[in-house]
Amino acid sequence: MARVNEHYLKLNAGYLFPEIGRRVRAFAAANPSAKVIRLGIGDVTRPLPPAVLSAFHDAVSELGDEKTFMGYGPEQGYDFLIDTLIEKAYAPLGVRLNRAEIFISDGSKCDTANILDIFALDNKVAIADPVYPVYNDTNVMIGRSGPVDERGYYQGIVYLPCTEANGFFPDVPKEKVDIVYLCSPNNPTGTVATKAQLKGWVDYALANDAVIFFDAAYEAFITEPVYPRSIFEIDGAKRCAVEFRSFSKTAGFTGVRCALTVVPEEVTAKAPAGERVALNKLWNRRQSTKFNGVSYPVQRAAAAVYSDEGWRQTKAIVDYYMENAKIIREGLAGAGLTVHGGVNAPYIWLKTPGGISSWDFFDRLLTECHVVGTPGSGFGPSGEGFFRLSAFGNRDNVVEAVERIRRNLR
């Protein structure tokens with residue numbers, strides 16, 4: 001008899017964003033004339049930059065000519081894209097990488113989940129709270145946790161509360177953990193880690209033989225140069241960290257799909273007999289077996305992001321979204337709400353008014369303002385009483401949404 005993976009049954013609710021979609025669809029069906037403005041899920045709205053689109057078209061045309069046709073590509077990614085990333089994305093930060101350390105993929109969401117394949121189940125994992133739900137749920141799915149408790153925490157996972165008191169950045173735990181997830185700029189809180197904060201975590205990882213999973217999917221949105229864009233700007237990080245980046249929000253690739261994971265050759269973990277094993281070697285083996293690579297046209301388009309023209313156009317789109325973030329942040333702060341984020345990240349993290357719950361505030365905004373956001377409790381227990389708004393909308397819709405919320409709060 002076929003049996004299911006029992007660990008999926010531990011998940012205490014549906015994935016956050018499908019639940020939001022369900023509620024919005026129900027409201028729209030009951031109120032067909034309502035203009036619903038969506039500032040919830042972090043999907044982009046601006047089209048691909050022209051230089052990127054041109055490279056995409058040219059690469060597709062190459063596939064139509066026998067002389068330039070491309071079949072299977074390398075699972076790790078084409079050298080032309082990897083070399084571009086080494087030169088344009090990392091070298092300006094003072095980070096030196098080689099080709100073997102960068103792996104091109106179809107999304108950092110996938111990679112932050114799939115990286116668990118190469119780690120034993122008895123590793124103790126630490127996750128910030130609130131957090132991008134994928135980190136938590138994928139550890140539950142593979143069997144690293146026990147059941148969920150009344151707070152919403154799964155037994156066997158170490159949770160690191162991120163609150164106003166610690167600036168929404170996790171404190172180093174007193175106990176020893178083996179793997180820790182860090183995200184900066186942070187989703188959902190919109191805060192960004194300082195070099196000193198990251199140095200504290202690198203020192204902890206080196207002292208405790210731990211590995212840091214560093215999600216830098218929103219690094220392009222850092223507006224203040226004092227903040228690090230890569231954990232590898234921190235001394236020692238190449239011996240203890242893996243970094244995930246994405247083209248999704250940076251260049252509008254949410255529907256195109258391209259990302260990268262950096263696994264330095266220096267970072268290792270222990271095998272059962274105690275010998276050190278390079279994670280780079282294991283990740284390469286995993287990708288070669290379970291992944292067929294990102295398509296050639298997509299990788300050509302991704303490389304064009306870093307051309308002179310492509311980067312100017314991409315940066316203009318990033319600036320557009322960050323102006324949206326400013327409008328949301330300043331508009332809601334002016335209405336008396338306590339707001340965080342929105343300066344170095346495209347997310348605004350606001351405290352719900354009057355102490356109402358996150359989901360009650362979601363329903364209030366949907367039914368009274370026809371605006372969709374994301375309840376903070378969906379990101380973890382410490383997110384209760386907070387709410388996330390995304391800056392990835394159309395400018396006119398963002399302005400209108402802010403005005404609707406302001407009127408409702410008067």
# chains A, B, ... in the order shown; residues from 1 in each chain; ligands from 1

$ residues_around --residues "Asp122 of chain A" --least-positions-apart "6" --cutoff "10 Å" --atoms "only C-alpha atoms" --output "VMD selection string"
chain A and resid 143 to 145 156 178

$ write_last_selection --atoms "N, CA and C atoms" --output "PDB file, in the first residue's frame"
ATOM      1  N   GLY A 143      11.128  16.174   7.755  1.00  0.00           N
ATOM      2  CA  GLY A 143      11.154  15.383   8.972  1.00  0.00           C
ATOM      3  C   GLY A 143      12.087  15.856  10.049  1.00  0.00           C
ATOM      4  N   ARG A 144      12.491  17.131  10.001  1.00  0.00           N
ATOM      5  CA  ARG A 144      13.429  17.629  11.002  1.00  0.00           C
ATOM      6  C   ARG A 144      12.717  18.093  12.265  1.00  0.00           C
ATOM      7  N   SER A 145      11.408  18.142  12.271  1.00  0.00           N
ATOM      8  CA  SER A 145      10.699  18.673  13.427  1.00  0.00           C
ATOM      9  C   SER A 145       9.750  17.652  14.025  1.00  0.00           C
ATOM     10  N   GLY A 156      11.790  20.769  17.974  1.00  0.00           N
ATOM     11  CA  GLY A 156      13.022  20.381  17.301  1.00  0.00           C
ATOM     12  C   GLY A 156      13.659  21.485  16.478  1.00  0.00           C
ATOM     13  N   ASP A 178      23.359  24.052  14.436  1.00  0.00           N
ATOM     14  CA  ASP A 178      24.220  23.612  13.338  1.00  0.00           C
ATOM     15  C   ASP A 178      23.985  24.391  12.050  1.00  0.00           C
TER      16      ASP A 178
END

$ select_by_dssp --residues "segment 30-76 of chain A" --states "alpha helix (DSSP H)" --output "list in words"
Ala30, Pro50, Ala51, Val52, Leu53, Ser54, Ala55, Phe56, His57, Asp58, Ala59, Val60, Ser61 and Glu62 of chain A

$ write_last_selection --atoms "N, CA and C atoms" --output "mmCIF file, in the first residue's frame"
data_model
loop_
_atom_site.group_PDB
_atom_site.id
_atom_site.type_symbol
_atom_site.label_atom_id
_atom_site.label_comp_id
_atom_site.auth_asym_id
_atom_site.auth_seq_id
_atom_site.Cartn_x
_atom_site.Cartn_y
_atom_site.Cartn_z
ATOM 1 N N ALA A 30 -17.928 37.953 -4.142
ATOM 2 C CA ALA A 30 -19.094 38.533 -3.469
ATOM 3 C C ALA A 30 -19.232 40.024 -3.731
ATOM 4 N N PRO A 50 14.198 46.766 -21.289
ATOM 5 C CA PRO A 50 14.346 46.563 -22.736
ATOM 6 C C PRO A 50 15.615 45.820 -23.133
ATOM 7 N N ALA A 51 16.742 46.126 -22.510
ATOM 8 C CA ALA A 51 17.987 45.444 -22.860
ATOM 9 C C ALA A 51 17.916 43.955 -22.517
ATOM 10 N N VAL A 52 17.240 43.638 -21.431
ATOM 11 C CA VAL A 52 17.068 42.247 -21.033
ATOM 12 C C VAL A 52 16.150 41.532 -22.008
ATOM 13 N N LEU A 53 15.071 42.196 -22.374
ATOM 14 C CA LEU A 53 14.122 41.607 -23.322
ATOM 15 C C LEU A 53 14.778 41.367 -24.678
ATOM 16 N N SER A 54 15.608 42.303 -25.110
ATOM 17 C CA SER A 54 16.309 42.147 -26.395
ATOM 18 C C SER A 54 17.230 40.934 -26.371
ATOM 19 N N ALA A 55 17.967 40.759 -25.278
ATOM 20 C CA ALA A 55 18.858 39.598 -25.157
ATOM 21 C C ALA A 55 18.054 38.304 -25.125
ATOM 22 N N PHE A 56 16.924 38.340 -24.481
ATOM 23 C CA PHE A 56 16.029 37.184 -24.418
ATOM 24 C C PHE A 56 15.585 36.802 -25.838
ATOM 25 N N HIS A 57 15.109 37.803 -26.601
ATOM 26 C CA HIS A 57 14.655 37.561 -27.976
ATOM 27 C C HIS A 57 15.785 37.007 -28.848
ATOM 28 N N ASP A 58 16.958 37.609 -28.731
ATOM 29 C CA ASP A 58 18.095 37.158 -29.552
ATOM 30 C C ASP A 58 18.443 35.701 -29.253
ATOM 31 N N ALA A 59 18.400 35.334 -27.978
ATOM 32 C CA ALA A 59 18.747 33.966 -27.609
ATOM 33 C C ALA A 59 17.697 32.972 -28.099
ATOM 34 N N VAL A 60 16.430 33.378 -28.053
ATOM 35 C CA VAL A 60 15.380 32.514 -28.581
ATOM 36 C C VAL A 60 15.575 32.315 -30.084
ATOM 37 N N SER A 61 15.954 33.391 -30.784
ATOM 38 C CA SER A 61 16.198 33.288 -32.228
ATOM 39 C C SER A 61 17.353 32.339 -32.528
ATOM 40 N N GLU A 62 18.365 32.349 -31.673
ATOM 41 C CA GLU A 62 19.481 31.419 -31.857
ATOM 42 C C GLU A 62 19.004 29.970 -31.833
#

$ residues_around --residues "Val211 of chain A" --least-positions-apart "2" --cutoff "12 Å" --atoms "only C-alpha atoms" --output "number ranges by chain"
A: 115-116, 119, 123-126, 176-182, 201-209, 213-214, 236-243, 263-264, 266-270, 278-279

$ write_last_selection --atoms "N, CA and C atoms" --output "CSV table (one decimal), in the first residue's frame"
chain,number,residue,atom,x,y,z
A,115,ILE,N,18.6,22.9,-0.6
A,115,ILE,CA,19.9,22.7,0.0
A,115,ILE,C,19.8,21.8,1.2
A,116,LEU,N,18.6,21.6,1.7
A,116,LEU,CA,18.5,20.6,2.8
A,116,LEU,C,18.8,19.2,2.4
A,119,PHE,N,22.2,17.8,3.9
A,119,PHE,CA,22.4,17.9,5.3
A,119,PHE,C,21.7,16.8,6.0
A,123,ASN,N,20.8,17.6,12.2
A,123,ASN,CA,21.3,18.9,12.4
A,123,ASN,C,20.2,19.8,13.2
A,124,LYS,N,20.7,20.6,14.1
A,124,LYS,CA,19.7,21.5,14.8
A,124,LYS,C,19.7,22.8,14.0
A,125,VAL,N,18.5,23.2,13.6
A,125,VAL,CA,18.3,24.3,12.7
A,125,VAL,C,17.7,25.5,13.5
A,126,ALA,N,18.2,26.7,13.3
A,126,ALA,CA,17.6,27.9,13.9
A,126,ALA,C,17.0,28.8,12.8
A,176,LYS,N,23.8,25.8,21.1
A,176,LYS,CA,24.6,25.5,19.9
A,176,LYS,C,23.6,25.0,18.8
A,177,VAL,N,23.6,25.6,17.7
A,177,VAL,CA,22.9,25.2,16.5
A,177,VAL,C,23.8,24.8,15.4
A,178,ASP,N,23.4,24.1,14.4
A,178,ASP,CA,24.2,23.6,13.3
A,178,ASP,C,24.0,24.4,12.1
A,179,ILE,N,22.8,24.8,11.8
A,179,ILE,CA,22.4,25.6,10.6
A,179,ILE,C,21.5,26.7,11.1
A,180,VAL,N,21.8,27.9,10.5
A,180,VAL,CA,20.9,29.1,10.8
A,180,VAL,C,20.6,29.8,9.5
A,181,TYR,N,19.3,30.2,9.4
A,181,TYR,CA,18.9,31.0,8.2
A,181,TYR,C,18.9,32.5,8.6
A,182,LEU,N,19.5,33.3,7.8
A,182,LEU,CA,19.5,34.7,7.9
A,182,LEU,C,19.0,35.3,6.6
A,201,TRP,N,27.3,36.9,13.8
A,201,TRP,CA,26.8,35.5,13.3
A,201,TRP,C,27.9,34.7,12.7
A,202,VAL,N,28.8,35.3,11.9
A,202,VAL,CA,29.9,34.6,11.3
A,202,VAL,C,30.8,34.1,12.4
A,203,ASP,N,31.1,34.9,13.4
A,203,ASP,CA,31.9,34.5,14.5
A,203,ASP,C,31.3,33.3,15.3
A,204,TYR,N,30.0,33.4,15.5
A,204,TYR,CA,29.2,32.3,16.1
A,204,TYR,C,29.3,31.0,15.3
A,205,ALA,N,29.1,31.1,14.0
A,205,ALA,CA,29.2,29.9,13.1
A,205,ALA,C,30.6,29.3,13.1
A,206,LEU,N,31.6,30.1,13.1
A,206,LEU,CA,33.0,29.5,13.1
A,206,LEU,C,33.3,28.9,14.4
A,207,ALA,N,32.8,29.5,15.5
A,207,ALA,CA,33.1,29.0,16.8
A,207,ALA,C,32.3,27.7,17.1
A,208,ASN,N,31.1,27.5,16.5
A,208,ASN,CA,30.3,26.4,16.7
A,208,ASN,C,30.2,25.4,15.6
A,209,ASP,N,31.0,25.6,14.6
A,209,ASP,CA,31.1,24.7,13.4
A,209,ASP,C,29.7,24.6,12.8
A,213,PHE,N,22.8,29.9,6.2
A,213,PHE,CA,22.1,30.0,4.9
A,213,PHE,C,21.7,31.5,4.8
A,214,PHE,N,22.4,32.2,3.9
A,214,PHE,CA,22.1,33.7,3.9
A,214,PHE,C,21.3,34.0,2.6
A,236,GLY,N,35.8,35.7,7.1
A,236,GLY,CA,35.5,34.4,7.6
A,236,GLY,C,34.2,33.8,7.0
A,237,ALA,N,33.4,34.5,6.4
A,237,ALA,CA,32.1,34.0,5.9
A,237,ALA,C,32.2,32.9,4.9
A,238,LYS,N,33.3,33.0,4.1
A,238,LYS,CA,33.5,32.0,3.0
A,238,LYS,C,33.8,30.6,3.6
A,239,ARG,N,34.1,30.6,4.9
A,239,ARG,CA,34.3,29.3,5.6
A,239,ARG,C,33.1,28.7,6.3
A,240,CYS,N,32.0,29.5,6.2
A,240,CYS,CA,30.8,29.0,7.0
A,240,CYS,C,29.5,29.4,6.4
A,241,ALA,N,29.4,30.0,5.2
A,241,ALA,CA,28.1,30.5,4.7
A,241,ALA,C,27.9,30.1,3.3
A,242,VAL,N,26.6,29.9,3.0
A,242,VAL,CA,26.1,29.7,1.6
A,242,VAL,C,25.1,30.9,1.4
A,243,GLU,N,25.2,31.5,0.2
A,243,GLU,CA,24.4,32.7,-0.1
A,243,GLU,C,23.5,32.4,-1.3
A,263,VAL,N,28.2,28.6,-3.2
A,263,VAL,CA,28.7,27.7,-2.2
A,263,VAL,C,30.2,27.7,-2.3
A,264,PRO,N,30.9,28.4,-1.4
A,264,PRO,CA,32.3,28.5,-1.4
A,264,PRO,C,33.0,27.2,-1.2
A,266,GLU,N,35.5,26.6,0.4
A,266,GLU,CA,36.1,26.5,1.7
A,266,GLU,C,35.1,25.9,2.8
A,267,VAL,N,33.8,26.1,2.5
A,267,VAL,CA,32.8,25.7,3.6
A,267,VAL,C,32.6,24.2,3.6
A,268,THR,N,32.7,23.7,4.8
A,268,THR,CA,32.6,22.2,4.9
A,268,THR,C,31.7,21.8,6.1
A,269,ALA,N,31.3,20.6,6.1
A,269,ALA,CA,30.6,20.0,7.3
A,269,ALA,C,31.1,18.6,7.5
A,270,LYS,N,30.8,18.0,8.6
A,270,LYS,CA,31.3,16.7,9.0
A,270,LYS,C,30.5,15.5,8.4
A,278,ALA,N,33.4,19.0,1.7
A,278,ALA,CA,33.1,20.3,1.1
A,278,ALA,C,31.6,20.3,0.6
A,279,LEU,N,30.9,21.3,1.1
A,279,LEU,CA,29.5,21.4,0.7
A,279,LEU,C,29.4,21.6,-0.8

$ residues_around --residues "segment 72-77 of chain A" --least-positions-apart "4" --cutoff "7 Å" --atoms "only C-alpha atoms" --output "PyMOL selection string"
chain A and resi 82+103-104+287-288+291-294

$ atom_distance --atom1 "atom CA of Phe362 of chain A" --atom2 "atom CA of Arg46 of chain A"
25.2 Å

$ select_by_dssp --residues "segment 169-226 of chain A" --states "strand (DSSP E or B)" --output "short mmCIF file (atom, residue, chain, number, x, y, z; two decimals) with C-alpha atoms, in the first residue's frame"
data_model
loop_
_atom_site.label_atom_id
_atom_site.label_comp_id
_atom_site.auth_asym_id
_atom_site.auth_seq_id
_atom_site.Cartn_x
_atom_site.Cartn_y
_atom_site.Cartn_z
CA ILE A 179 22.39 25.58 10.63
CA VAL A 180 20.92 29.06 10.79
CA TYR A 181 18.86 30.99 8.24
CA LEU A 182 19.49 34.73 7.90
CA CYS A 183 17.70 37.04 5.46
CA VAL A 211 26.60 26.82 8.55
CA ILE A 212 24.74 30.03 7.70
CA PHE A 213 22.13 30.04 4.92
CA PHE A 214 22.13 33.70 3.85
CA ASP A 215 19.16 34.82 1.75
#

$ closest_residue --among "A:Gly336, A:Pro49, A:Gly94, A:Pro130" --to "Gly354 of chain A" --atoms "only C-alpha atoms"
A:Gly336

$ residues_around --residues "segment 398-407 of chain A" --least-positions-apart "3" --cutoff "9 Å" --atoms "only C-alpha atoms" --output "list in words"
Ile37, Arg38, Leu39, Asn324, Ala325, Ile327, Ile328, Gly331, Leu332, Gly334, Ala335, Leu365, Glu368, Cys369, His370, Val371, Ala391, Phe392, Gly393, Asn394, Arg395 and Arg410 of chain A

$ write_last_selection --atoms "C-alpha atoms" --output "PDB file, in the first residue's frame"
ATOM      1  CA  ILE A  37      -5.489  46.699  -4.883  1.00  0.00           C
ATOM      2  CA  ARG A  38      -2.969  43.967  -4.106  1.00  0.00           C
ATOM      3  CA  LEU A  39       0.012  44.907  -1.974  1.00  0.00           C
ATOM      4  CA  ASN A 324       6.574  53.232  -3.888  1.00  0.00           C
ATOM      5  CA  ALA A 325       8.009  52.060  -0.570  1.00  0.00           C
ATOM      6  CA  ILE A 327       5.075  56.625  -0.416  1.00  0.00           C
ATOM      7  CA  ILE A 328       3.676  53.773   1.667  1.00  0.00           C
ATOM      8  CA  GLY A 331       1.886  57.994   4.102  1.00  0.00           C
ATOM      9  CA  LEU A 332       1.068  55.472   6.795  1.00  0.00           C
ATOM     10  CA  GLY A 334       1.744  60.285   8.722  1.00  0.00           C
ATOM     11  CA  ALA A 335      -1.553  58.605   9.523  1.00  0.00           C
ATOM     12  CA  LEU A 365      -8.266  46.308   4.897  1.00  0.00           C
ATOM     13  CA  GLU A 368     -13.284  48.277   4.094  1.00  0.00           C
ATOM     14  CA  CYS A 369     -10.379  49.536   1.949  1.00  0.00           C
ATOM     15  CA  HIS A 370     -10.283  46.852  -0.752  1.00  0.00           C
ATOM     16  CA  VAL A 371      -6.532  46.595  -0.172  1.00  0.00           C
ATOM     17  CA  ALA A 391       6.022  48.111  -2.775  1.00  0.00           C
ATOM     18  CA  PHE A 392       5.864  46.120  -6.015  1.00  0.00           C
ATOM     19  CA  GLY A 393       2.583  47.626  -7.205  1.00  0.00           C
ATOM     20  CA  ASN A 394       1.669  50.126  -9.882  1.00  0.00           C
ATOM     21  CA  ARG A 395       2.350  53.699  -8.723  1.00  0.00           C
ATOM     22  CA  ARG A 410      -9.274  58.714  10.546  1.00  0.00           C
TER      23      ARG A 410
END
